[in-house]
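File shown: run.cif (mmCIF, C-alpha atoms, pLDDT in the B column; chains and numbers go by the auth columns).
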```cif
data_model
#
loop_
_atom_site.group_PDB
_atom_site.id
_atom_site.type_symbol
_atom_site.label_atom_id
_atom_site.label_comp_id
_atom_site.label_asym_id
_atom_site.label_seq_id
_atom_site.Cartn_x
_atom_site.Cartn_y
_atom_site.Cartn_z
_atom_site.B_iso_or_equiv
_atom_site.auth_seq_id
_atom_site.auth_asym_id
ATOM 1 C CA MET A 1 -7.153 15.868 -6.928 62.00 1 O
ATOM 2 C CA ASP A 2 -3.387 16.201 -6.521 77.00 2 O
ATOM 3 C CA LEU A 3 -0.489 13.744 -6.509 77.00 3 O
ATOM 4 C CA ASN A 4 -0.258 13.803 -2.700 82.00 4 O
ATOM 5 C CA TRP A 5 -3.680 12.147 -2.687 85.00 5 O
ATOM 6 C CA LEU A 6 -3.509 10.079 -5.889 88.00 6 O
ATOM 7 C CA LEU A 7 -0.149 8.368 -5.283 91.00 7 O
ATOM 8 C CA PRO A 8 -1.078 6.826 -1.899 93.00 8 O
ATOM 9 C CA LEU A 9 -4.438 5.748 -3.361 93.00 9 O
ATOM 10 C CA ALA A 10 -2.687 4.129 -6.340 94.00 10 O
ATOM 11 C CA GLY A 11 -0.219 2.396 -3.985 94.00 11 O
ATOM 12 C CA PHE A 12 -3.040 1.092 -1.789 94.00 12 O
ATOM 13 C CA ALA A 13 -4.895 -0.207 -4.856 95.00 13 O
ATOM 14 C CA LEU A 14 -1.747 -1.869 -6.199 95.00 14 O
ATOM 15 C CA ILE A 15 -1.004 -3.632 -2.916 93.00 15 O
ATOM 16 C CA THR A 16 -4.572 -4.791 -2.278 92.00 16 O
ATOM 17 C CA CYS A 17 -5.239 -5.886 -5.873 93.00 17 O
ATOM 18 C CA GLY A 18 -1.840 -7.231 -6.851 93.00 18 O
ATOM 19 C CA THR A 19 -0.682 -9.370 -3.937 90.00 19 O
ATOM 20 C CA PRO A 20 -1.475 -13.099 -3.724 87.00 20 O
ATOM 21 C CA GLY A 21 -4.931 -13.905 -2.438 86.00 21 O
ATOM 22 C CA PRO A 22 -8.032 -15.841 -3.463 87.00 22 O
ATOM 23 C CA ASN A 23 -8.764 -13.657 -6.514 89.00 23 O
ATOM 24 C CA ASN A 24 -5.277 -13.970 -7.893 92.00 24 O
ATOM 25 C CA MET A 25 -5.058 -17.704 -7.186 90.00 25 O
ATOM 26 C CA LEU A 26 -8.281 -18.213 -9.172 90.00 26 O
ATOM 27 C CA LEU A 27 -7.082 -15.976 -11.998 94.00 27 O
ATOM 28 C CA THR A 28 -3.810 -17.913 -12.196 94.00 28 O
ATOM 29 C CA SER A 29 -5.693 -21.219 -12.254 91.00 29 O
ATOM 30 C CA ALA A 30 -8.020 -19.943 -14.955 91.00 30 O
ATOM 31 C CA GLY A 31 -5.118 -18.671 -17.057 93.00 31 O
ATOM 32 C CA ALA A 32 -3.433 -22.056 -16.815 91.00 32 O
ATOM 33 C CA ALA A 33 -6.595 -24.037 -17.497 89.00 33 O
ATOM 34 C CA GLN A 34 -8.013 -22.032 -20.368 89.00 34 O
ATOM 35 C CA GLY A 35 -5.466 -19.451 -21.514 91.00 35 O
ATOM 36 C CA PHE A 36 -5.514 -15.674 -21.368 93.00 36 O
ATOM 37 C CA ARG A 37 -8.355 -14.818 -23.745 92.00 37 O
ATOM 38 C CA ARG A 38 -10.846 -17.307 -22.307 91.00 38 O
ATOM 39 C CA SER A 39 -10.046 -16.068 -18.771 93.00 39 O
ATOM 40 C CA LEU A 40 -10.969 -12.460 -19.528 94.00 40 O
ATOM 41 C CA PRO A 41 -14.645 -12.880 -18.466 93.00 41 O
ATOM 42 C CA LEU A 42 -13.490 -14.111 -15.044 94.00 42 O
ATOM 43 C CA LEU A 43 -11.084 -11.167 -14.776 96.00 43 O
ATOM 44 C CA VAL A 44 -13.900 -8.732 -15.597 95.00 44 O
ATOM 45 C CA GLY A 45 -16.148 -10.506 -13.057 94.00 45 O
ATOM 46 C CA VAL A 46 -13.547 -10.208 -10.301 94.00 46 O
ATOM 47 C CA VAL A 47 -12.803 -6.546 -11.034 95.00 47 O
ATOM 48 C CA GLY A 48 -16.486 -5.752 -11.471 94.00 48 O
ATOM 49 C CA GLY A 49 -17.288 -7.391 -8.140 93.00 49 O
ATOM 50 C CA ILE A 50 -14.624 -5.336 -6.375 94.00 50 O
ATOM 51 C CA ASN A 51 -15.916 -2.111 -7.893 95.00 51 O
ATOM 52 C CA LEU A 52 -19.498 -3.008 -7.018 94.00 52 O
ATOM 53 C CA MET A 53 -18.383 -3.418 -3.402 92.00 53 O
ATOM 54 C CA ILE A 54 -16.544 -0.107 -3.399 95.00 54 O
ATOM 55 C CA LEU A 55 -19.615 1.628 -4.843 95.00 55 O
ATOM 56 C CA ALA A 56 -21.902 -0.032 -2.265 93.00 56 O
ATOM 57 C CA THR A 57 -19.506 1.071 0.465 91.00 57 O
ATOM 58 C CA ALA A 58 -19.489 4.625 -0.872 92.00 58 O
ATOM 59 C CA LEU A 59 -23.285 4.564 -0.751 92.00 59 O
ATOM 60 C CA GLY A 60 -23.132 3.627 2.950 87.00 60 O
ATOM 61 C CA LEU A 61 -23.467 -0.171 3.008 82.00 61 O
ATOM 62 C CA GLY A 62 -20.043 -0.636 4.606 71.00 62 O
ATOM 63 C CA VAL A 63 -21.227 1.050 7.794 74.00 63 O
ATOM 64 C CA MET A 64 -23.555 -1.911 8.392 77.00 64 O
ATOM 65 C CA PHE A 65 -20.553 -4.198 8.934 69.00 65 O
ATOM 66 C CA GLU A 66 -19.268 -1.887 11.636 69.00 66 O
ATOM 67 C CA GLN A 67 -22.638 -1.570 13.357 77.00 67 O
ATOM 68 C CA VAL A 68 -23.843 -5.200 13.077 79.00 68 O
ATOM 69 C CA PRO A 69 -20.992 -7.592 14.023 76.00 69 O
ATOM 70 C CA LEU A 70 -23.250 -10.613 13.479 82.00 70 O
ATOM 71 C CA LEU A 71 -23.548 -9.649 9.801 80.00 71 O
ATOM 72 C CA HIS A 72 -19.758 -9.646 9.526 72.00 72 O
ATOM 73 C CA ASP A 73 -19.540 -13.101 11.168 81.00 73 O
ATOM 74 C CA GLY A 74 -22.191 -14.480 8.819 84.00 74 O
ATOM 75 C CA LEU A 75 -20.282 -13.072 5.863 80.00 75 O
ATOM 76 C CA LYS A 76 -17.112 -14.776 7.132 82.00 76 O
ATOM 77 C CA LEU A 77 -18.875 -18.151 7.286 87.00 77 O
ATOM 78 C CA ALA A 78 -20.529 -17.802 3.879 86.00 78 O
ATOM 79 C CA GLY A 79 -17.325 -16.490 2.303 82.00 79 O
ATOM 80 C CA SER A 80 -15.251 -19.325 3.769 86.00 80 O
ATOM 81 C CA ALA A 81 -17.681 -21.960 2.507 89.00 81 O
ATOM 82 C CA TYR A 82 -17.806 -20.408 -0.969 86.00 82 O
ATOM 83 C CA LEU A 83 -14.031 -20.084 -1.168 86.00 83 O
ATOM 84 C CA LEU A 84 -13.580 -23.729 -0.105 91.00 84 O
ATOM 85 C CA TRP A 85 -16.062 -24.789 -2.798 89.00 85 O
ATOM 86 C CA LEU A 86 -14.098 -22.836 -5.429 87.00 86 O
ATOM 87 C CA ALA A 87 -10.841 -24.356 -4.119 89.00 87 O
ATOM 88 C CA TRP A 88 -12.336 -27.853 -4.451 92.00 88 O
ATOM 89 C CA LYS A 89 -13.447 -27.010 -7.996 87.00 89 O
ATOM 90 C CA VAL A 90 -9.924 -25.863 -8.926 87.00 90 O
ATOM 91 C CA ALA A 91 -8.210 -28.820 -7.213 90.00 91 O
ATOM 92 C CA ASN A 92 -10.390 -31.338 -9.047 88.00 92 O
ATOM 93 C CA ALA A 93 -10.071 -29.816 -12.524 82.00 93 O
ATOM 94 C CA SER A 94 -8.587 -32.375 -14.879 75.00 94 O
ATOM 95 C CA GLY A 95 -6.317 -30.224 -17.012 71.00 95 O
ATOM 96 C CA PRO A 96 -6.599 -27.586 -19.708 75.00 96 O
ATOM 97 C CA ALA A 97 -10.242 -26.621 -20.171 64.00 97 O
ATOM 98 C CA GLU A 98 -11.651 -27.639 -23.525 61.00 98 O
ATOM 99 C CA GLY A 99 -14.731 -26.328 -25.280 57.00 99 O
ATOM 100 C CA ASN A 100 -16.634 -23.205 -24.300 58.00 100 O
ATOM 101 C CA ARG A 101 -17.204 -23.924 -20.620 65.00 101 O
ATOM 102 C CA PRO A 102 -14.874 -21.848 -18.395 72.00 102 O
ATOM 103 C CA LEU A 103 -13.197 -23.222 -15.275 73.00 103 O
ATOM 104 C CA ILE A 104 -14.854 -20.501 -13.186 80.00 104 O
ATOM 105 C CA PRO A 105 -17.521 -18.277 -14.813 84.00 105 O
ATOM 106 C CA ALA A 106 -17.464 -14.479 -14.459 87.00 106 O
ATOM 107 C CA HIS A 107 -20.439 -14.372 -12.096 88.00 107 O
ATOM 108 C CA GLN A 108 -18.660 -16.712 -9.664 87.00 108 O
ATOM 109 C CA GLY A 109 -15.649 -14.396 -9.668 87.00 109 O
ATOM 110 C CA ALA A 110 -17.920 -11.469 -8.835 88.00 110 O
ATOM 111 C CA MET A 111 -19.726 -13.509 -6.167 87.00 111 O
ATOM 112 C CA LEU A 112 -16.398 -14.284 -4.488 85.00 112 O
ATOM 113 C CA GLN A 113 -15.935 -10.555 -3.876 85.00 113 O
ATOM 114 C CA LEU A 114 -19.377 -10.097 -2.384 84.00 114 O
ATOM 115 C CA LEU A 115 -18.834 -12.959 0.096 83.00 115 O
ATOM 116 C CA ASN A 116 -15.287 -12.023 1.070 81.00 116 O
ATOM 117 C CA PRO A 117 -15.196 -10.053 4.348 77.00 117 O
ATOM 118 C CA LYS A 118 -11.562 -9.048 3.771 77.00 118 O
ATOM 119 C CA ALA A 119 -12.588 -7.526 0.439 85.00 119 O
ATOM 120 C CA TRP A 120 -15.373 -5.596 2.204 84.00 120 O
ATOM 121 C CA MET A 121 -12.827 -4.275 4.690 83.00 121 O
ATOM 122 C CA MET A 122 -10.574 -3.274 1.780 88.00 122 O
ATOM 123 C CA ALA A 123 -13.504 -1.430 0.169 91.00 123 O
ATOM 124 C CA LEU A 124 -14.324 0.248 3.482 87.00 124 O
ATOM 125 C CA SER A 125 -10.666 1.276 3.926 89.00 125 O
ATOM 126 C CA ALA A 126 -10.523 2.646 0.377 92.00 126 O
ATOM 127 C CA ILE A 127 -13.650 4.747 0.807 91.00 127 O
ATOM 128 C CA SER A 128 -12.985 5.913 4.356 88.00 128 O
ATOM 129 C CA GLY A 129 -9.298 6.572 3.758 89.00 129 O
ATOM 130 C CA PHE A 130 -9.300 8.138 0.305 91.00 130 O
ATOM 131 C CA THR A 131 -12.525 10.071 -0.135 91.00 131 O
ATOM 132 C CA LEU A 132 -12.752 13.744 0.662 87.00 132 O
ATOM 133 C CA ALA A 133 -15.346 15.393 2.878 84.00 133 O
ATOM 134 C CA GLY A 134 -18.190 17.598 1.713 88.00 134 O
ATOM 135 C CA GLU A 135 -18.567 18.440 -1.959 90.00 135 O
ATOM 136 C CA GLY A 136 -15.401 16.512 -2.807 89.00 136 O
ATOM 137 C CA TYR A 137 -16.894 13.209 -1.620 91.00 137 O
ATOM 138 C CA TRP A 138 -18.391 11.910 -4.876 93.00 138 O
ATOM 139 C CA PRO A 139 -15.639 13.158 -7.192 93.00 139 O
ATOM 140 C CA SER A 140 -13.055 11.490 -4.932 93.00 140 O
ATOM 141 C CA ALA A 141 -15.177 8.311 -4.685 94.00 141 O
ATOM 142 C CA ILE A 142 -15.302 8.154 -8.484 96.00 142 O
ATOM 143 C CA TRP A 143 -11.502 8.467 -8.561 95.00 143 O
ATOM 144 C CA VAL A 144 -11.254 5.593 -6.053 96.00 144 O
ATOM 145 C CA LEU A 145 -13.515 3.455 -8.254 97.00 145 O
ATOM 146 C CA GLY A 146 -11.568 4.320 -11.399 97.00 146 O
ATOM 147 C CA ILE A 147 -8.173 3.633 -9.886 97.00 147 O
ATOM 148 C CA PHE A 148 -9.308 0.307 -8.424 97.00 148 O
ATOM 149 C CA PHE A 149 -10.871 -0.660 -11.748 97.00 149 O
ATOM 150 C CA VAL A 150 -7.730 0.052 -13.768 97.00 150 O
ATOM 151 C CA THR A 151 -5.393 -1.412 -11.131 97.00 151 O
ATOM 152 C CA GLY A 152 -7.570 -4.510 -10.773 96.00 152 O
ATOM 153 C CA LEU A 153 -7.535 -5.066 -14.533 97.00 153 O
ATOM 154 C CA TYR A 154 -3.786 -4.832 -14.994 97.00 154 O
ATOM 155 C CA THR A 155 -2.788 -6.732 -11.838 97.00 155 O
ATOM 156 C CA GLY A 156 -5.408 -9.397 -12.562 97.00 156 O
ATOM 157 C CA ALA A 157 -4.182 -9.637 -16.148 97.00 157 O
ATOM 158 C CA PHE A 158 -0.669 -10.216 -14.808 97.00 158 O
ATOM 159 C CA TRP A 159 -1.892 -13.223 -12.776 97.00 159 O
ATOM 160 C CA VAL A 160 -3.854 -14.610 -15.745 97.00 160 O
ATOM 161 C CA LEU A 161 -0.752 -14.237 -17.949 97.00 161 O
ATOM 162 C CA PHE A 162 1.327 -15.968 -15.293 96.00 162 O
ATOM 163 C CA GLY A 163 -1.127 -18.877 -15.382 94.00 163 O
ATOM 164 C CA ALA A 164 -1.071 -18.903 -19.190 94.00 164 O
ATOM 165 C CA GLN A 165 2.733 -19.214 -19.072 95.00 165 O
ATOM 166 C CA VAL A 166 2.462 -22.098 -16.601 92.00 166 O
ATOM 167 C CA ARG A 167 0.099 -23.730 -19.096 89.00 167 O
ATOM 168 C CA ARG A 168 2.965 -23.916 -21.600 90.00 168 O
ATOM 169 C CA LEU A 169 5.196 -25.746 -19.118 91.00 169 O
ATOM 170 C CA ILE A 170 2.825 -28.516 -18.039 90.00 170 O
ATOM 171 C CA ARG A 171 2.914 -31.418 -20.465 86.00 171 O
ATOM 172 C CA THR A 172 1.339 -34.391 -18.670 89.00 172 O
ATOM 173 C CA ALA A 173 -1.938 -35.268 -16.974 88.00 173 O
ATOM 174 C CA ARG A 174 0.023 -35.916 -13.787 91.00 174 O
ATOM 175 C CA GLY A 175 1.555 -32.443 -13.989 91.00 175 O
ATOM 176 C CA TRP A 176 -1.912 -30.915 -14.357 89.00 176 O
ATOM 177 C CA ARG A 177 -3.206 -32.858 -11.356 89.00 177 O
ATOM 178 C CA ARG A 178 -0.298 -31.583 -9.257 92.00 178 O
ATOM 179 C CA PHE A 179 -0.709 -28.012 -10.421 92.00 179 O
ATOM 180 C CA ASN A 180 -4.479 -27.998 -9.886 90.00 180 O
ATOM 181 C CA ARG A 181 -4.184 -29.542 -6.436 92.00 181 O
ATOM 182 C CA THR A 182 -1.503 -27.011 -5.480 93.00 182 O
ATOM 183 C CA MET A 183 -3.644 -24.117 -6.702 91.00 183 O
ATOM 184 C CA GLY A 184 -6.713 -25.564 -4.963 90.00 184 O
ATOM 185 C CA LEU A 185 -4.748 -25.865 -1.733 92.00 185 O
ATOM 186 C CA ALA A 186 -3.402 -22.302 -2.090 90.00 186 O
ATOM 187 C CA THR A 187 -6.953 -21.049 -2.687 87.00 187 O
ATOM 188 C CA ALA A 188 -8.265 -22.982 0.337 89.00 188 O
ATOM 189 C CA ALA A 189 -5.431 -21.576 2.459 89.00 189 O
ATOM 190 C CA CYS A 190 -6.788 -18.103 1.704 85.00 190 O
ATOM 191 C CA VAL A 191 -9.676 -18.960 4.052 84.00 191 O
ATOM 192 C CA LEU A 192 -7.194 -18.470 6.889 84.00 192 O
ATOM 193 C CA MET A 193 -6.832 -14.825 5.829 78.00 193 O
ATOM 194 C CA ILE A 194 -10.556 -14.356 6.457 75.00 194 O
ATOM 195 C CA TRP A 195 -10.270 -15.514 10.077 77.00 195 O
ATOM 196 C CA ILE A 196 -6.946 -13.945 11.064 72.00 196 O
#
```
Now, as a test, write the supplied structure out as structure tokens.
Amino acid sequence: MDLNWLLPLAGFALITCGTPGPNNMLLTSAGAAQGFRRSLPLLVGVVGGINLMILATALGLGVMFEQVPLLHDGLKLAGSAYLLWLAWKVANASGPAEGNRPLIPAHQGAMLQLLNPKAWMMALSAISGFTLAGEGYWPSAIWVLGIFFVTGLYTGAFWVLFGAQVRRLIRTARGWRRFNRTMGLATAACVLMIWI
């Protein structure tokens, strides 16, 4: 593996993992609601879900979406409904999370990946665009998984830290309602990305 292959892969991972989208809206909301440390399980769930998708795609599951368009449409509907439910959950949160119950548990972060058709297309693009043919296939696929794992962790951590900083600025219940509704609306707006 040389830099001519690794640098474009790292850039693709950075762009797809680091730009605003449903994952990063939820990570920001979690960071604001419960702080950095308590949001780490959600971060691991999101990154784990992405890597599970990339692995499934490397094993050949991604080809099904190309060959069975109805499966892709069903995934769009299920993903949209799930994302709207998560957006409603974020918008109706009261303020900083207290106790041990997280705003969004790790398994729900992972489930968001598995129901997100755009994330499946990202996984398919990563595997089809950055794996090598023949004997180099699995070593290159492992590199893709590793780079997405590391990139997902540090870009996701950035969004959680951003939310944790917002947490310090909000002082009133009214401010929390506004923030949570804004984040819920931003998360719901990500449904449009699924259909465009």
Matched chain/residue IDs from the PyMOL selection byres ((chain O and resi 132-145) around 8), as a PyMOL selection string:
chain O and resi 1+9+51+54-55+58+126-127+130-131+146-149
Selection near Leu75 (chain O), 12 Å with only C-alpha atoms, sequence-local residues under 6 positions removed, as a list in words
Met64, Phe65, Val68, Pro69, Ala81, Tyr82, Leu83, Leu112, Gln113, Leu114, Leu115, Asn116, Pro117, Lys118, Ala119, Trp120, Met121, Ile194 and Trp195 of chain O
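Of the residues listed (O:Met193, O:Ala32, O:Leu185, O:Leu6), O:Ala32 shows the shortest atom-to-atom separation from Pro96 (chain O); distances use all atoms listed in the file.
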Do you know which residues are at most 8 Å from Leu27 (chain O) counting only C-alpha atoms, after dropping those on the same chain fewer than 6 positions away, and could you put them as a list in words?
Ser39, Leu42, Leu43, Gly156, Trp159, Val160 and Gly163 of chain O
Extending 3 Å beyond the listed atoms of region 26-43 of chain O on each side, what axis-aligned box results? I want centre and edge lengths in Å to one decimal, as lines of an AutoDock Vina configuration file.
```
center_x = -9.0
center_y = -17.6
center_z = -16.5
size_x = 17.2
size_y = 18.9
size_z = 20.6
```
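Here the PyMOL selection byres ((chain O and resi 187) around 8) captures the residues O:Gly21, O:Pro22, O:Met25, O:Leu26, O:Leu83, O:Leu84, O:Leu86, O:Ala87, O:Met183, O:Gly184, O:Leu185, O:Ala186, O:Ala188, O:Ala189, O:Cys190, O:Val191.
For the atom pair formed by CA of His107 (chain O) and CA of Ile196 (chain O), the distance is 26.8 Å, given to one decimal.
The smallest atom-to-atom distance between Leu124 (chain O) and any of O:Val47, O:Gly18, O:Ala56, O:Asn23, using all atoms listed in the file, is found for O:Ala56.
Distances from O:Arg174, O:Arg38, O:Gln108, O:Arg168 to Trp85 (chain O) were compared using only C-alpha atoms, and the smallest one belongs to O:Gln108.
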